[in-house]
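Working notes, structure below.
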Amino acid sequence: MLKRIIVTVLMLGLMQTGALLANEIAVTIDGAQINFQGQQPTIADGRALVPVRGVFDHLGFDVAWHQDTQEVHLLRAEDVIIITIGDDVFSLDGYEMPL
């Protein structure tokens with residue numbers, strides 16, 4: 001079940017926007033609005049871009065950025081997600097999934 005949720009979130013551009021008010025994007029997970037530190041969600045080329053850290057922190061994942069490989073590692077229990085900047089796939093527990 002968790003894997004299906006994670007895949008759905010990532011495939012939908014990391015999160016569905018809750019509201020668009022004066023160019024402000026609100027992201028809500030299970031009724032709780034996410035407060036992003038630093039980079040805020042934005043619209044670019046008709047797509048909602050949502051910072052990974054804010055969403056996955058809220059979901060209880062440890063988030064680690066690896067500058068040398070340009071990867072973000074998302075870890076929770078046995079769940080391991082690896083997203084590489086510029087790739088059109090991500091790794092979910094060792095399996096490649098399309099973004």
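So you can find residues: chains in the structure tokens are A, B, ... in the order shown, residues in each start at 1, and ligands are numbered from 1 in order.
Residues surrounding A:Asp79 within 8 Å are A:Leu74, A:Leu75, A:Arg76, A:Leu92, A:Asp93 [only C-alpha atoms; sequence separation below 3 positions excluded].
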Write the residues of the selection above to a file with N, CA, C and O atoms, as an mmCIF file, in the first residue's frame.
data_model
loop_
_atom_site.group_PDB
_atom_site.id
_atom_site.type_symbol
_atom_site.label_atom_id
_atom_site.label_comp_id
_atom_site.auth_asym_id
_atom_site.auth_seq_id
_atom_site.Cartn_x
_atom_site.Cartn_y
_atom_site.Cartn_z
ATOM 1 N N LEU A 74 15.541 9.313 0.261
ATOM 2 C CA LEU A 74 14.396 9.384 1.157
ATOM 3 C C LEU A 74 14.283 8.033 1.850
ATOM 4 O O LEU A 74 14.093 7.013 1.190
ATOM 5 N N LEU A 75 14.422 8.027 3.181
ATOM 6 C CA LEU A 75 14.488 6.772 3.925
ATOM 7 C C LEU A 75 13.449 6.750 5.042
ATOM 8 O O LEU A 75 13.334 7.705 5.810
ATOM 9 N N ARG A 76 12.726 5.627 5.144
ATOM 10 C CA ARG A 76 11.802 5.402 6.251
ATOM 11 C C ARG A 76 11.637 3.893 6.400
ATOM 12 O O ARG A 76 11.166 3.224 5.481
ATOM 13 N N LEU A 92 12.726 3.083 -6.304
ATOM 14 C CA LEU A 92 11.887 2.778 -5.155
ATOM 15 C C LEU A 92 12.216 1.364 -4.703
ATOM 16 O O LEU A 92 11.919 0.401 -5.408
ATOM 17 N N ASP A 93 12.909 1.260 -3.585
ATOM 18 C CA ASP A 93 13.336 -0.039 -3.053
ATOM 19 C C ASP A 93 14.071 -0.874 -4.096
ATOM 20 O O ASP A 93 13.878 -2.082 -4.216
#
| field | Spatial neighbours of stretch 33-41 of chain A, 8 Å, only C-alpha atoms, chain gap at least 4 places, as a list in words | value |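 Result of the neighbour search: Glu24, Ile25, Ala26, Val27, Thr28, Ile29, Ala48, Leu49, Val50, Pro51, Gly54, Val55 and His58 of chain A.
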| field | Interatomic distance (Å, one decimal) between atom CA of A:Val72 and atom CA of A:Ile85 | value |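 Separation of atom CA of A:Val72 and atom CA of A:Ile85: 8.2 Å.
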| message | Applying 7 Å and only C-alpha atoms, which residues near stretch 87-89 of chain A remain after dropping the ones on its own chain fewer than 6 positions away? List them as a ChimeraX atom specification. | response | /A:96-99
| said: Let's see if you can do this: from backbone DSSP, list all helix (DSSP H, G or I) residues in stretch 21-99 of chain A, as a list in words. | reply: Val52, Arg53, Gly54, Val55, Phe56, Asp57 and His58 of chain A
